[in-house]
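Engineer: Just one file: upload-v6.txt, with compact mmCIF, C-alpha atoms and all ligand atoms.
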```txt
# COMPACT_ATOMS: atom_id res chain seq x y z
CA MET R 1 136.38 113.03 126.85
CA ASN R 2 136.12 110.46 124.09
CA PRO R 3 136.46 107.15 125.97
CA ALA R 4 137.05 105.12 122.79
CA ALA R 5 139.96 107.26 121.63
CA GLY R 6 141.06 108.40 125.08
CA VAL R 7 141.37 112.04 123.93
CA THR R 8 139.30 115.16 124.49
CA LEU R 9 138.35 117.05 121.32
CA SER R 10 139.16 120.74 121.26
CA ALA R 11 136.42 123.28 120.52
CA ASP R 12 137.96 123.88 117.08
CA GLU R 13 137.91 120.16 116.32
CA GLN R 14 134.23 119.89 117.32
CA VAL R 15 133.42 122.91 115.12
CA ALA R 16 135.30 121.35 112.18
CA ARG R 17 133.36 118.08 112.58
CA ILE R 18 130.01 119.84 112.58
CA PHE R 19 130.98 121.81 109.47
CA ALA R 20 132.08 118.57 107.79
CA TRP R 21 128.72 116.89 108.58
CA ARG R 22 126.91 119.95 107.25
CA ARG R 23 128.93 119.68 104.01
CA GLY R 24 127.96 115.99 103.85
CA PHE R 25 124.30 117.02 104.07
CA ASN R 26 124.82 119.42 101.12
CA ALA R 27 126.71 116.74 99.20
CA MET R 28 123.70 114.40 99.49
CA HIS R 29 121.43 117.09 98.07
CA LEU R 30 123.88 117.80 95.25
CA ILE R 31 123.91 114.09 94.37
CA ASP R 32 120.13 113.87 94.62
CA LEU R 33 119.79 116.80 92.19
CA GLY R 34 122.39 115.30 89.85
CA ILE R 35 120.34 112.11 89.66
CA ARG R 36 116.92 113.73 89.42
CA LEU R 37 117.95 116.28 86.78
CA GLY R 38 119.88 113.71 84.74
CA LEU R 39 123.24 115.50 85.15
CA PHE R 40 125.23 112.36 86.02
CA LYS R 41 123.62 110.37 83.20
CA ALA R 42 124.26 113.14 80.67
CA LEU R 43 127.94 113.26 81.64
CA ALA R 44 128.18 109.45 81.55
CA GLU R 45 126.73 109.39 78.02
CA HIS R 46 128.70 112.40 76.72
CA PRO R 47 131.84 113.05 78.79
CA GLY R 48 133.58 116.35 78.20
CA GLN R 49 130.76 118.94 78.30
CA THR R 50 130.93 122.53 79.47
CA GLU R 51 128.33 123.79 81.96
CA ALA R 52 126.61 125.65 79.11
CA GLU R 53 126.42 122.54 76.91
CA LEU R 54 125.11 120.47 79.79
CA ALA R 55 122.47 123.07 80.67
CA ALA R 56 121.36 123.33 77.02
CA ALA R 57 121.17 119.53 76.59
CA LEU R 58 118.97 119.15 79.69
CA GLY R 59 116.95 122.39 79.33
CA LEU R 60 118.31 123.75 82.64
CA HIS R 61 119.21 127.23 83.89
CA ALA R 62 122.90 127.61 82.98
CA PRO R 63 124.11 129.64 86.03
CA TYR R 64 122.65 126.99 88.38
CA VAL R 65 124.31 124.19 86.41
CA GLN R 66 127.59 126.07 86.65
CA VAL R 67 127.40 126.14 90.46
CA TRP R 68 126.40 122.46 90.52
CA CYS R 69 129.38 121.50 88.31
CA THR R 70 131.89 123.55 90.29
CA THR R 71 130.65 122.10 93.60
CA ALA R 72 130.57 118.54 92.24
CA TYR R 73 134.13 119.08 90.99
CA SER R 74 135.19 120.29 94.46
CA LEU R 75 133.68 117.10 95.92
CA GLU R 76 135.69 115.05 93.38
CA LEU R 77 132.54 113.61 91.83
CA LEU R 78 133.51 115.30 88.54
CA GLU R 79 136.82 115.77 86.79
CA ALA R 80 137.45 118.66 84.43
CA ASP R 81 139.93 120.22 82.10
CA GLU R 82 139.93 123.65 80.49
CA ARG R 83 139.62 122.33 76.93
CA ASP R 84 137.11 119.46 77.20
CA GLY R 85 134.90 120.52 80.09
CA PHE R 86 133.48 118.16 82.75
CA ARG R 87 133.33 114.37 82.97
CA LEU R 88 132.48 111.92 85.78
CA ALA R 89 135.26 110.96 88.19
CA PRO R 90 136.28 107.27 88.06
CA HIS R 91 133.59 104.83 89.39
CA VAL R 92 130.90 107.53 89.66
CA ASP R 93 129.22 106.23 86.51
CA GLY R 94 128.15 102.89 88.10
CA MET R 95 127.35 104.43 91.48
CA LEU R 96 125.25 107.40 90.37
CA ALA R 97 124.42 107.10 86.65
CA ASN R 98 123.58 103.43 86.11
CA GLU R 99 120.60 101.99 88.02
CA ALA R 100 121.43 98.45 86.94
CA HIS R 101 124.97 98.55 88.37
CA PRO R 102 125.48 96.45 91.57
CA ARG R 103 127.13 99.47 93.22
CA TYR R 104 124.38 101.94 92.30
CA LEU R 105 123.77 104.20 95.32
CA GLY R 106 121.00 106.42 93.98
CA GLY R 107 118.30 104.61 95.97
CA TYR R 108 120.30 104.92 99.16
CA VAL R 109 120.78 108.66 98.60
CA ARG R 110 117.05 109.05 97.86
CA LEU R 111 116.07 107.25 101.05
CA GLY R 112 117.94 110.00 102.90
CA THR R 113 117.03 113.06 100.85
CA GLU R 114 113.39 112.20 100.21
CA PHE R 115 111.99 109.77 102.75
CA ALA R 116 114.22 110.41 105.79
CA THR R 117 113.69 114.17 105.48
CA ASP R 118 109.92 113.54 105.60
CA ASP R 119 110.43 111.53 108.76
CA TYR R 120 112.73 114.14 110.34
CA ARG R 121 110.06 116.77 109.74
CA ARG R 122 107.67 114.69 111.88
CA ALA R 123 110.34 113.74 114.42
CA ALA R 124 109.93 116.53 116.97
CA VAL R 125 106.28 115.56 117.47
CA ALA R 126 107.07 111.84 117.34
CA PHE R 127 109.64 112.22 120.12
CA HIS R 128 106.76 113.31 122.37
CA THR R 129 104.24 110.74 121.22
CA GLY R 130 106.34 107.77 120.07
CA ALA R 131 104.33 107.78 116.82
CA VAL R 132 105.56 105.55 113.99
CA THR R 133 104.81 105.40 110.28
CA PRO R 134 105.41 101.72 109.52
CA TYR R 135 107.22 100.48 106.47
CA GLN R 136 104.20 98.53 105.27
CA GLY R 137 101.83 100.46 103.04
CA ARG R 138 103.91 103.70 102.87
CA SER R 139 104.04 103.81 99.06
CA ARG R 140 105.27 101.89 96.06
CA GLU R 141 107.99 104.55 95.52
CA PHE R 142 109.22 104.04 99.09
CA ALA R 143 109.33 100.23 98.67
CA GLN R 144 111.20 100.66 95.37
CA ALA R 145 113.69 103.14 96.90
CA VAL R 146 114.42 100.65 99.71
CA THR R 147 114.94 97.90 97.12
CA GLN R 148 117.32 100.10 95.17
CA ALA R 149 119.15 101.14 98.34
CA ILE R 150 120.04 97.54 99.22
CA ALA R 151 120.16 96.01 95.75
CA GLY R 152 123.96 95.74 95.94
CA VAL R 153 123.76 93.69 99.14
CA ASN R 154 121.24 91.35 97.54
CA VAL R 155 123.42 90.92 94.45
CA MET R 156 126.39 90.09 96.66
CA VAL R 157 124.39 87.55 98.70
CA ALA R 158 123.01 85.84 95.57
CA ARG R 159 126.22 85.84 93.52
CA LYS R 160 128.96 85.48 96.13
CA ILE R 161 127.81 84.60 99.64
CA LEU R 162 125.28 81.81 99.00
CA PRO R 163 127.34 80.13 96.23
CA GLY R 164 130.25 80.10 98.71
CA LEU R 165 128.37 78.16 101.43
CA SER R 166 129.46 74.62 100.75
CA GLY R 167 126.77 71.97 101.06
CA LEU R 168 124.00 74.54 100.65
CA ALA R 169 125.03 75.73 97.18
CA GLU R 170 125.15 72.12 95.93
CA ARG R 171 121.61 71.48 97.19
CA LEU R 172 120.28 74.59 95.51
CA ARG R 173 122.03 73.72 92.27
CA ALA R 174 120.47 70.26 92.41
CA GLY R 175 116.92 71.67 92.51
CA GLY R 176 116.66 72.61 96.19
CA ARG R 177 113.93 74.82 97.61
CA LEU R 178 114.53 78.30 98.93
CA LEU R 179 112.28 80.55 101.00
CA GLU R 180 112.94 84.28 101.28
CA VAL R 181 111.18 85.92 104.22
CA GLY R 182 110.59 89.65 103.67
CA CYS R 183 111.00 89.48 99.89
CA GLY R 184 109.76 93.08 99.43
CA THR R 185 109.51 94.03 95.76
CA GLY R 186 111.03 90.72 94.61
CA PHE R 187 114.43 91.96 93.47
CA MET R 188 116.26 89.17 95.31
CA GLN R 189 113.95 86.50 93.87
CA LEU R 190 115.12 87.43 90.38
CA GLN R 191 118.77 87.42 91.47
CA LEU R 192 118.36 83.99 93.09
CA ALA R 193 116.56 82.58 90.06
CA ARG R 194 119.56 83.61 87.96
CA ALA R 195 122.17 82.35 90.44
CA PHE R 196 120.47 78.96 90.98
CA PRO R 197 118.61 78.10 87.77
CA GLN R 198 117.43 74.71 89.08
CA ALA R 199 116.12 75.92 92.45
CA ARG R 200 112.45 76.43 93.26
CA LEU R 201 111.80 79.77 95.00
CA THR R 202 109.19 81.18 97.37
CA GLY R 203 109.02 84.76 98.64
CA VAL R 204 106.83 85.85 101.54
CA ASP R 205 106.13 89.29 102.97
CA ILE R 206 103.47 91.10 104.97
CA ASP R 207 103.53 94.26 102.83
CA PRO R 208 100.94 94.16 100.01
CA THR R 209 102.48 97.26 98.36
CA GLY R 210 105.85 95.60 97.87
CA LEU R 211 104.27 92.28 96.92
CA ASP R 212 102.30 93.83 94.04
CA ALA R 213 105.62 95.02 92.62
CA ALA R 214 107.18 91.58 93.30
CA ARG R 215 104.43 89.73 91.39
CA ALA R 216 104.73 92.15 88.47
CA ALA R 217 108.53 91.70 88.40
CA VAL R 218 108.26 87.89 88.45
CA ARG R 219 105.65 87.94 85.66
CA ALA R 220 107.71 90.36 83.54
CA ALA R 221 110.75 88.07 83.91
CA GLY R 222 108.65 85.05 82.82
CA LEU R 223 109.44 83.24 86.10
CA ASP R 224 105.90 82.45 87.35
CA GLU R 225 106.59 78.73 87.05
CA ARG R 226 109.57 78.84 89.39
CA ILE R 227 108.67 81.55 91.91
CA ASP R 228 105.72 81.69 94.32
CA ILE R 229 105.03 85.04 96.00
CA LEU R 230 102.92 84.75 99.16
CA GLU R 231 101.41 87.35 101.44
CA GLY R 232 101.17 86.85 105.19
CA ASP R 233 102.76 85.50 108.30
CA VAL R 234 105.50 82.98 107.49
CA GLY R 235 104.21 80.67 110.26
CA ARG R 236 100.82 80.42 108.54
CA VAL R 237 101.36 80.61 104.81
CA VAL R 238 104.38 78.35 104.40
CA PRO R 239 104.40 74.54 104.80
CA ALA R 240 106.66 73.03 107.50
CA ALA R 241 109.86 71.09 106.74
CA SER R 242 109.89 72.13 103.08
CA PHE R 243 112.91 74.35 102.39
CA ASP R 244 116.67 73.77 102.12
CA LEU R 245 117.33 77.42 102.79
CA VAL R 246 115.40 80.16 104.55
CA LEU R 247 116.87 83.57 103.80
CA MET R 248 116.20 87.02 105.29
CA VAL R 249 118.02 90.08 103.99
CA GLU R 250 117.64 93.32 105.95
CA VAL R 251 114.43 92.03 107.51
CA LEU R 252 115.13 90.99 111.11
CA HIS R 253 115.43 94.58 112.36
CA GLU R 254 112.19 95.42 110.51
CA ILE R 255 110.14 92.77 112.33
CA ASP R 256 108.19 93.98 115.34
CA PRO R 257 110.38 92.95 118.33
CA ALA R 258 107.36 91.31 119.98
CA LEU R 259 106.96 89.01 116.94
CA ARG R 260 110.62 88.19 116.25
CA ALA R 261 110.81 84.98 118.29
CA ASP R 262 107.70 83.59 116.54
CA VAL R 263 108.97 84.56 113.07
CA VAL R 264 112.43 83.03 113.61
CA ALA R 265 110.83 79.88 115.09
CA ALA R 266 108.55 79.68 112.02
CA CYS R 267 111.63 79.99 109.77
CA ALA R 268 113.22 77.07 111.65
CA ARG R 269 110.08 74.95 111.23
CA ALA R 270 110.00 75.71 107.49
CA LEU R 271 113.44 74.11 107.05
CA VAL R 272 114.02 70.46 106.18
CA PRO R 273 116.32 68.66 108.67
CA GLY R 274 119.86 69.86 107.93
CA GLY R 275 118.52 72.97 106.15
CA TRP R 276 120.17 76.39 106.51
CA LEU R 277 118.94 79.67 107.91
CA VAL R 278 120.87 82.63 106.47
CA ILE R 279 120.22 86.06 107.94
CA VAL R 280 121.75 89.29 106.69
CA ASP R 281 121.03 92.19 109.01
CA GLU R 282 122.73 94.80 111.17
CA THR R 283 123.98 94.52 114.74
CA TYR R 284 123.33 97.29 117.24
CA PRO R 285 126.01 98.02 119.85
CA SER R 286 125.42 96.29 123.17
CA THR R 287 127.51 98.84 125.11
CA LEU R 288 128.35 102.55 124.89
CA ASP R 289 131.95 101.57 124.24
CA GLN R 290 130.86 99.67 121.09
CA ALA R 291 128.78 102.69 120.00
CA ARG R 292 132.04 104.46 119.05
CA GLN R 293 133.48 101.50 117.17
CA ALA R 294 133.49 101.50 113.36
CA PRO R 295 131.67 98.15 112.80
CA TYR R 296 128.56 99.56 114.51
CA ARG R 297 128.38 102.89 112.60
CA PHE R 298 125.99 101.69 109.94
CA ALA R 299 123.63 100.03 112.45
CA LEU R 300 123.54 103.21 114.56
CA GLN R 301 122.65 105.24 111.49
CA THR R 302 119.86 102.76 110.64
CA GLY R 303 118.61 102.85 114.24
CA LEU R 304 118.12 106.62 114.05
CA GLU R 305 116.92 106.85 110.45
CA GLU R 306 114.36 104.05 110.86
CA LEU R 307 113.20 105.01 114.35
CA MET R 308 109.93 106.29 113.00
CA TRP R 309 109.41 103.25 110.79
CA GLY R 310 109.09 101.48 114.17
CA ASN R 311 112.35 99.55 113.64
CA VAL R 312 114.71 98.41 116.40
CA VAL R 313 118.10 97.04 115.31
CA PRO R 314 118.92 93.86 117.29
CA THR R 315 122.07 93.42 119.36
CA ARG R 316 124.29 90.37 118.99
CA GLU R 317 122.77 88.98 122.20
CA GLU R 318 119.23 89.31 120.83
CA GLN R 319 120.20 87.67 117.51
CA GLU R 320 121.73 84.73 119.34
CA ARG R 321 118.80 84.43 121.77
CA LEU R 322 116.39 84.32 118.82
CA LEU R 323 118.37 81.59 117.04
CA ARG R 324 118.88 79.48 120.16
CA GLY R 325 115.21 79.93 121.08
CA ALA R 326 114.22 78.64 117.63
CA GLY R 327 116.22 75.44 118.24
CA PHE R 328 119.49 76.16 116.41
CA ASP R 329 121.77 74.34 118.85
CA GLY R 330 124.87 74.02 116.65
CA PRO R 331 127.42 76.65 115.66
CA ILE R 332 126.19 80.09 114.59
CA GLU R 333 128.59 81.49 112.00
CA ARG R 334 128.87 85.26 112.17
CA SER R 335 130.79 87.62 109.91
CA LEU R 336 130.73 91.26 108.84
CA PHE R 337 130.72 92.49 105.26
CA GLY R 338 130.19 95.68 103.23
CA GLU R 339 129.40 98.90 105.07
CA GLY R 340 128.36 97.11 108.28
CA PHE R 341 126.16 94.14 107.45
CA THR R 342 126.14 91.05 109.66
CA LEU R 343 125.89 87.61 108.07
CA LEU R 344 124.51 84.86 110.32
CA VAL R 345 124.44 81.23 109.18
CA ALA R 346 122.88 78.43 111.23
CA GLN R 347 121.88 74.90 110.33
CA ARG R 348 118.90 72.90 111.57
CA ALA R 349 119.88 69.59 113.16
CA ALA R 350 119.87 66.77 110.58
C1 LIG F 401 114.12 96.61 104.28
S1 LIG F 401 112.91 95.63 103.50
C2 LIG F 401 113.95 94.42 102.72
C3 LIG F 401 113.29 93.81 101.53
C4 LIG F 401 114.18 92.85 100.77
N1 LIG F 401 114.58 91.74 101.59
C5 LIG F 401 115.40 93.55 100.22
O1 LIG F 401 116.52 93.25 100.68
O2 LIG F 401 115.25 94.41 99.33
C6 LIG F 401 112.19 94.69 104.83
C7 LIG F 401 111.02 93.84 104.40
O3 LIG F 401 110.66 92.98 105.51
C8 LIG F 401 109.27 92.88 105.51
N2 LIG F 401 108.78 92.38 106.83
C9 LIG F 401 108.73 93.02 108.00
N3 LIG F 401 108.19 92.22 108.95
C10 LIG F 401 107.91 91.04 108.34
C11 LIG F 401 107.33 89.81 108.79
N4 LIG F 401 106.92 89.64 110.04
N5 LIG F 401 107.20 88.80 107.88
C12 LIG F 401 107.60 88.98 106.59
N6 LIG F 401 108.14 90.12 106.13
C13 LIG F 401 108.29 91.14 106.98
C14 LIG F 401 108.82 94.29 105.17
O4 LIG F 401 107.45 94.33 104.80
C15 LIG F 401 109.78 94.65 104.05
O5 LIG F 401 109.31 94.26 102.80
```
Could I get this file's structure written as structure tokens?
Structural biologist:
Amino acid sequence: MNPAAGVTLSADEQVARIFAWRRGFNAMHLIDLGIRLGLFKALAEHPGQTEAELAAALGLHAPYVQVWCTTAYSLELLEADERDGFRLAPHVDGMLANEAHPRYLGGYVRLGTEFATDDYRRAAVAFHTGAVTPYQGRSREFAQAVTQAIAGVNVMVARKILPGLSGLAERLRAGGRLLEVGCGTGFMQLQLARAFPQARLTGVDIDPTGLDAARAAVRAAGLDERIDILEGDVGRVVPAASFDLVLMVEVLHEIDPALRADVVAACARALVPGGWLVIVDETYPSTLDQARQAPYRFALQTGLEELMWGNVVPTREEQERLLRGAGFDGPIERSLFGEGFTLLVAQRAA
């Protein structure tokens, strides 16, 4: 019995669902290969190639490329016609062939095909021992893949969400100060510097691997004068009552649950009176009934995929307890966007 839908699935329906998920697994590997072998890029640069031309251009085994093209066509990632050969289906260019595009999904695919499969290989043992391999210090490639996986969310927050928060956007445009907790490899710092050219920015994280990349990115962009990158606990390395905005994107569920109250309280202390805390994260279902509802799908997927990173996705009740505990007594604005991200906005009392 499916309590959410109120219907019982037949055996045939269950079989069809499992086959569909298995096809999804293959589709991820097909996309991963298309990115790694340069097939999507080659078709973006020269649309209208036969399998043989594509194989020759990339130095690949033609019969394998033929199967890849036919399968990608069946998945509607490619279009084709008898005369001109294969080309990318609409929108696939930005999503799978252009790393700089805000909708690029290559990093997200790679997190599944490369890093999650490593974790799943260790999972059977970990389910006995509870072992975790934390995010911090995994590798530079891992930190970069995570950055790429959520780059689109960061672009949206910097270009659309923050500029739309009235009062806050004006302060940042007038030279306000912004602290990003969990800045990772620094991608968001560069987006924010562009979106608010007058603002002064600080990024803090506890992961030295990501921070090395962040410092290099800031230096390469010539933004050393405007951006400080700090390593350590936000409660220790950041001065109190100094920032108009404290921002966390996809960080709350990464913080050790035992430390969350201290970190959120430190974020509150870092704000000037009247300053804003903006959190973008995911919300885990609080009940089994919610576990079958669409807005929780993405958080459930994260909860499983990041189990062995040691991550626990917070429920709405935990998010609110953390904010109230840190002294945010006023309204907490909550909304959903994208594939299942929660936006929380709270303001420190003036
Ligand atoms: C999923 S990554 C997100 C990085 C970046 N915000 C982004 O959107 O690309 C989570 C980051 O939170 C950092 N983090 C976890 N616990 C933290 C803590 N207590 N203080 C600061 N950063 C923390 C991790 O090291 C990691 O860089």
Engineer: Could I get the residues of chain R with an atom no further than 7 Å from an atom of ligand LIG 401 (chain F), each paired with its nearest atom pair and that distance in Å to one decimal, using all atoms listed in the file, sorted by chain and residue number, as a tab-separated table?
Structural biologist:
```
residue	atom	partner	partner_atom	distance
R:Tyr135	CA	F:LIG401	O4	6.4
R:Gln136	CA	F:LIG401	O4	5.3
R:Val146	CA	F:LIG401	C1	6.1
R:Thr147	CA	F:LIG401	O2	4.1
R:Ile150	CA	F:LIG401	O2	5.7
R:Ala151	CA	F:LIG401	O2	6.3
R:Asn154	CA	F:LIG401	O1	6.0
R:Val181	CA	F:LIG401	C12	5.3
R:Gly182	CA	F:LIG401	N6	3.5
R:Cys183	CA	F:LIG401	N1	4.6
R:Gly184	CA	F:LIG401	O5	3.6
R:Thr185	CA	F:LIG401	O2	6.8
R:Phe187	CA	F:LIG401	O2	6.4
R:Met188	CA	F:LIG401	C5	6.6
R:Val204	CA	F:LIG401	C12	6.0
R:Asp205	CA	F:LIG401	N6	3.8
R:Ile206	CA	F:LIG401	N6	4.9
R:Asp207	CA	F:LIG401	O4	4.4
R:Gly210	CA	F:LIG401	O5	6.2
R:Gly232	CA	F:LIG401	N5	6.9
R:Asp233	CA	F:LIG401	N5	5.5
R:Val234	CA	F:LIG401	N5	6.1
R:Met248	CA	F:LIG401	N1	6.2
R:Val249	CA	F:LIG401	N1	4.5
R:Glu250	CA	F:LIG401	C2	5.0
R:Val251	CA	F:LIG401	O3	4.4
R:Glu254	CA	F:LIG401	C9	4.9
R:Ile255	CA	F:LIG401	N3	3.9
R:Asp256	CA	F:LIG401	N3	6.6
R:Leu259	CA	F:LIG401	N4	6.9
R:Val263	CA	F:LIG401	N4	6.3
```
Engineer: Give me the residues near stretch 313-329 of chain R as a ChimeraX atom specification, where near means some atom within 7 Å (using only C-alpha atoms) and where sequence neighbours in that chain fewer than 6 positions away do not count.
Structural biologist: /R:253,261,264-265,268,282-286,299,303,346-348
Engineer: Using all atoms listed in the file, which protein or nucleic acid residues come within 12 Å of R:Leu39? Drop anything in the same chain fewer than 3 positions from it, and give the result as an NGL selection string.
Structural biologist: :R and (30-36 or 42-47 or 49-51 or 53-60 or 64-66 or 68-69 or 72 or 77-78 or 86-88 or 92-93 or 96-97)
Engineer: Name the closest residue to R:Met308 among the candidates R:Leu9, R:Met95, R:Val246, R:Ala126; distances are taken between atoms, counting all atoms listed in the file.
Structural biologist: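 Comparing R:Leu9, R:Met95, R:Val246, R:Ala126 against R:Met308, the winner is R:Ala126.
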Engineer: For R:Asp212, work out the shell of residues within 10 Å, counting only C-alpha atoms and skipping chain neighbours fewer than 2 positions away, then give it as a VMD selection string.
Structural biologist: chain R and resid 140 184 to 186 207 to 210 214 to 217 229 231
Engineer: Work out how far apart atom CA of R:Ala195 and atom CA of R:Pro163 are and give it in Å to one decimal.
Structural biologist: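 Going from atom CA of R:Ala195 over to atom CA of R:Pro163 covers 8.1 Å.
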Engineer: Interatomic distance between atom CA of R:His128 and atom CA of R:Glu114?
Structural biologist: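 Spanning atom CA of R:His128 to atom CA of R:Glu114 is a straight-line distance of 23.2 Å.
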Engineer: How many Å lie between atom CA of R:Asp224 and atom CA of R:Ala169, rounded to one decimal?
Structural biologist: 22.5 Å
Engineer: For R:Leu165, work out the shell of residues within 10 Å, counting only C-alpha atoms and skipping chain neighbours fewer than 4 positions away, then give it as a PDB file with C-alpha atoms, keeping the file's coordinate frame.
Structural biologist:
```
ATOM      1  CA  LYS R 160     128.960  85.480  96.130  1.00  0.00           C
ATOM      2  CA  ILE R 161     127.810  84.600  99.640  1.00  0.00           C
ATOM      3  CA  ALA R 169     125.030  75.730  97.180  1.00  0.00           C
ATOM      4  CA  GLU R 170     125.150  72.120  95.930  1.00  0.00           C
ATOM      5  CA  TRP R 276     120.170  76.390 106.510  1.00  0.00           C
ATOM      6  CA  VAL R 345     124.440  81.230 109.180  1.00  0.00           C
TER       7      VAL R 345
END
```
Engineer: Find, counting only C-alpha atoms, the residue in R:Glu180, R:Gln189, R:Phe298, R:Ile332 that gets nearest to R:Cys267.
Structural biologist: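 For R:Cys267, the nearest of the given residues is R:Glu180.
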Engineer: Hey, which of R:His61, R:Ala16, R:Thr71, R:Gly137 ends up closest to R:Met28? Count only C-alpha atoms.
Structural biologist: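 Under the stated criterion, the closest residue is R:Thr71.
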Engineer: Out of R:Arg138, R:Arg171, R:Arg292, R:Arg194, which residue has the shortest atom-to-atom distance to R:Val155 when counting all atoms listed in the file?
Structural biologist: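 Checking each candidate against R:Val155, we get R:Arg194 as the closest.
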Engineer: From the set R:Leu178, R:Leu277, R:Thr342, R:Ala199, which residue has the shortest atom-to-atom contact distance to R:Val238, counting all atoms listed in the file?
Structural biologist: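 Result for the nearest residue to R:Val238: R:Leu178.
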Engineer: Let me make sure I understand: among R:Val153, R:Leu300, R:Gly275, R:Phe243, which one has the smallest atom-to-atom distance to R:Gly338 if we use all atoms listed in the file?
Structural biologist: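 Selected residue with least distance to R:Gly338: R:Val153.
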